[in-house]
Amino acid sequence: MICRQQPSPSSKVIRKSQLSKASVLAIGFAVAFTPISAIVIPKIHGYPTRIEERATQVDSSDCPSITTDSFQWDSNSCSQSYFSSWAYPIGNWDDPPKVNITIAGVPITATVDTGSTGLVASMDLFPNVNFTKKVEASIAYSSSHWLEEGYEEWIDMTFGPYAMKTKILVKDKEVCCPDFNTTTDGNRCPAAKITKSCVCEKTCENDKTKRNVHADLATRAVSPLPVAYMGIGFGRGVAPISNAFLDTVSFNGQALSLTSGDYCQGYAITHDGIWLGLNSQNTKDFEWTKLQQQDVQGMRDWNTAPMEYHVNDGASTSGTLLVDTGIPNSYFSASPRWETGDSFNVTVPGTSGKYAIRYDTSEGDTSPNPMQPTKFGISSLGGYINSGRKLLNCFDVAYDPIGGNFGYRYLGNAQAAKCSEYVTVAES
């Protein structure tokens, strides 16, 4: 169930003229469905209103009130929570996390991506399902330039005791399309733009001389692989109605209510698995930071978590941090300018403390830093960092979509990681 509210007079609706192609490409692993029908905001970031109306929604007056900084979930309520271990051991977060779900009654193992919003699954997974195929759609992953092509459908999904009615892109093709134009190309990559080079270095932009192509992917131009991918991120410019974990309708067969106190919407990502539904126990020891509200198609969403960063001993700059389970790499803002070998320092705030995190950009995946990404890329977005998933070797994270809070739980030297050498804990 999604809380819907009308945009305030000061809120902005992003239109095509307001978003450059460069800014779209720079968003780390950003994702969106792109129906053929008319849209209000750019295709890479939205859905038509007529489709939104098919979902169960509540008026903003029915939404739980926004929480304050020092909040806790009531231990006597919030009982409708569920923990799922990862489908495969996560190790050092070299690979993305996966969970077991069912889609249209079909058991599926899906990758969980906090850097995108939206569910995508191969059509080959559903040989006995008759899809409408009325709304052609696509998903573009800006960090890798993979384009998922197919059709938008509404579908039943289950995750443990939860049942969802959610939007899905049923894909019939996956292509590498680095020059895809969301305005002129519709939802299919023109044949002349399909390449075999979708693993890149640095910005992954259109300058093909910058691409570092892995040999095992060099022949992969078109892939009908039967996969499922579940984007549960926020602040991606996509209405939260496309987040399956926010489309819950029942728990153990009983209808869910956001106002009853039994179900506290949100999730927590840990080394061992994921919690859906927050409570006082699974949020223990989290430090929370307040998110800035942003309305997407009249629905309440939240911007990416705030942070501050500086290069070496330079001045601090404010920005936002995306903890992205979808990629092992990191993307750091190009401003202030930094070079390979520099120290990149990130500070994230909390309710009672803050964490200062250090990266040494020259050491790559050979670094003893458990949070060190496989590669460092440069983002053209000012004040933006995509940490990738390696940060989760030292932190659990949680998202509260009702109150607009993002949480960090420092793990210290758990999992035999040397986190304390790269993380400093201080009072706010």
# chains A, B, ... in the order shown; residues from 1 in each chain; ligands from 1
call {"tool": "closest_atom_pairs", "arguments": {"of": "stretch 261-331 of chain A", "to": "stretch 155-172 of chain A", "cutoff": "12 Å", "atoms": "only C-alpha atoms", "output": "CSV"}}
result
residue,atom,partner,partner_atom,distance
A:Tyr263,CA,A:Tyr162,CA,11.0
A:Gln265,CA,A:Tyr162,CA,11.9
A:Ile274,CA,A:Phe159,CA,11.1
A:Trp275,CA,A:Gly160,CA,10.7
A:Leu276,CA,A:Tyr162,CA,8.9
A:Gly277,CA,A:Tyr162,CA,9.9
call {"tool": "write_last_selection", "arguments": {"atoms": "N, CA and C atoms", "output": "CSV table (one decimal), in the first residue's frame"}}
result
chain,number,residue,atom,x,y,z
A,263,TYR,N,1.8,-2.9,11.1
A,263,TYR,CA,2.8,-3.0,10.0
A,263,TYR,C,3.5,-1.7,9.8
A,265,GLN,N,6.1,0.0,7.6
A,265,GLN,CA,6.6,-0.1,6.3
A,265,GLN,C,8.1,0.2,6.3
A,274,ILE,N,17.6,-9.9,4.7
A,274,ILE,CA,16.8,-8.6,4.6
A,274,ILE,C,15.5,-8.7,5.5
A,275,TRP,N,15.2,-7.7,6.2
A,275,TRP,CA,14.0,-7.6,6.9
A,275,TRP,C,13.0,-6.7,6.1
A,276,LEU,N,11.8,-7.2,6.0
A,276,LEU,CA,10.7,-6.4,5.4
A,276,LEU,C,9.7,-6.1,6.5
A,277,GLY,N,9.5,-4.9,6.8
A,277,GLY,CA,8.7,-4.5,8.0
A,277,GLY,C,9.6,-4.2,9.1
call {"tool": "residues_around", "arguments": {"residues": "stretch 356-360 of chain A", "least_positions_apart": "2", "cutoff": "9 Å", "atoms": "only C-alpha atoms", "output": "number ranges by chain"}}
result
A: 309, 340-349, 354, 362-364, 367, 369, 371-373, 421-426
call {"tool": "residues_around", "arguments": {"residues": "A:Gly115", "least_positions_apart": "2", "cutoff": "12 Å", "atoms": "only C-alpha atoms", "output": "CSV table (one decimal) with C-alpha atoms, in the first residue's frame"}}
result
chain,number,residue,atom,x,y,z
A,27,ILE,CA,22.8,8.6,-12.1
A,28,GLY,CA,24.3,5.5,-10.6
A,29,PHE,CA,22.3,2.5,-11.8
A,30,ALA,CA,19.2,4.6,-12.2
A,31,VAL,CA,16.3,2.7,-13.6
A,32,ALA,CA,12.8,3.4,-14.9
A,96,PRO,CA,24.7,-8.8,-5.4
A,111,THR,CA,18.6,-9.9,-7.4
A,112,VAL,CA,17.9,-7.1,-4.9
A,113,ASP,CA,19.1,-3.7,-6.1
A,117,THR,CA,13.3,1.1,-8.6
A,118,GLY,CA,11.3,-1.5,-10.4
A,141,TYR,CA,20.7,1.1,-16.4
A,142,SER,CA,22.8,4.1,-16.7
A,143,SER,CA,26.0,2.8,-15.0
A,229,TYR,CA,15.9,-8.1,-10.9
A,230,MET,CA,14.1,-6.3,-8.1
A,231,GLY,CA,14.9,-2.6,-7.6
A,232,ILE,CA,13.8,-1.4,-4.1
A,233,GLY,CA,15.6,1.9,-4.1
A,234,PHE,CA,14.3,5.4,-3.4
A,235,GLY,CA,15.1,8.8,-4.7
A,236,ARG,CA,15.6,7.4,-8.2
A,237,GLY,CA,13.1,9.7,-9.8
A,238,VAL,CA,10.6,6.8,-10.1
A,243,ASN,CA,8.8,-0.7,-5.6
A,304,THR,CA,19.0,10.0,-1.5
A,321,LEU,CA,25.1,9.1,-1.0
A,322,LEU,CA,23.6,6.1,-2.7
A,323,VAL,CA,24.3,2.8,-1.1
A,324,ASP,CA,23.9,0.6,-4.2
A,325,THR,CA,23.7,-3.2,-3.9
A,326,GLY,CA,23.6,-3.5,-7.7
A,327,ILE,CA,27.2,-2.7,-8.4
A,328,PRO,CA,30.6,-3.5,-6.9
A,330,SER,CA,31.9,3.3,-6.8
A,385,ILE,CA,28.5,9.5,-4.5
A,386,ASN,CA,27.4,5.9,-5.3
A,387,SER,CA,29.2,3.8,-2.8
A,388,GLY,CA,28.4,0.5,-4.5
A,389,ARG,CA,27.6,-2.5,-2.2
call {"tool": "atom_distance", "arguments": {"atom1": "atom CA of A:Ser379", "atom2": "atom CA of A:Asp95"}}
result
22.4 Å
call {"tool": "select_by_dssp", "arguments": {"residues": "stretch 107-264 of chain A", "states": "helix (DSSP H, G or I)", "output": "ChimeraX atom specification"}}
result
/A:123-125,191-193,208-210,215-217,240-242,244-246
call {"tool": "atom_distance", "arguments": {"atom1": "atom CA of A:Ser122", "atom2": "atom CA of A:Asp272"}}
result
26.9 Å
call {"tool": "residues_around", "arguments": {"residues": "stretch 390-395 of chain A", "least_positions_apart": "4", "cutoff": "8 Å", "atoms": "only C-alpha atoms", "output": "ChimeraX atom specification"}}
result
/A:92-94,270-271,323,328,370-373,408-415,417,419
call {"tool": "closest_residue", "arguments": {"among": "A:Tyr384, A:Trp146, A:Tyr267, A:Trp302", "to": "A:Gly404", "atoms": "only C-alpha atoms"}}
result
A:Trp302
call {"tool": "atom_distance", "arguments": {"atom1": "atom CA of A:Ala305", "atom2": "atom CA of A:Ser81"}}
result
23.8 Å
call {"tool": "closest_residue", "arguments": {"among": "A:Ile402, A:Phe332, A:Trp288, A:Asn312", "to": "A:Thr351", "atoms": "only C-alpha atoms"}}
result
A:Trp288
call {"tool": "residues_around", "arguments": {"residues": "A:Leu125", "least_positions_apart": "5", "cutoff": "9 Å", "atoms": "only C-alpha atoms", "output": "VMD selection string"}}
result
chain A and resid 106 108 226 to 228
call {"tool": "closest_residue", "arguments": {"among": "A:Gln254, A:Ser138, A:Ser77, A:Ser352", "to": "A:Glu153", "atoms": "only C-alpha atoms"}}
result
A:Ser138
call {"tool": "closest_residue", "arguments": {"among": "A:Gly407, A:Gly350, A:Pro240, A:Pro178", "to": "A:Lys193", "atoms": "only C-alpha atoms"}}
result
A:Pro178
call {"tool": "closest_residue", "arguments": {"among": "A:Gly377, A:Gly353, A:Phe406, A:Glu339", "to": "A:Pro306", "atoms": "only C-alpha atoms"}}
result
A:Phe406
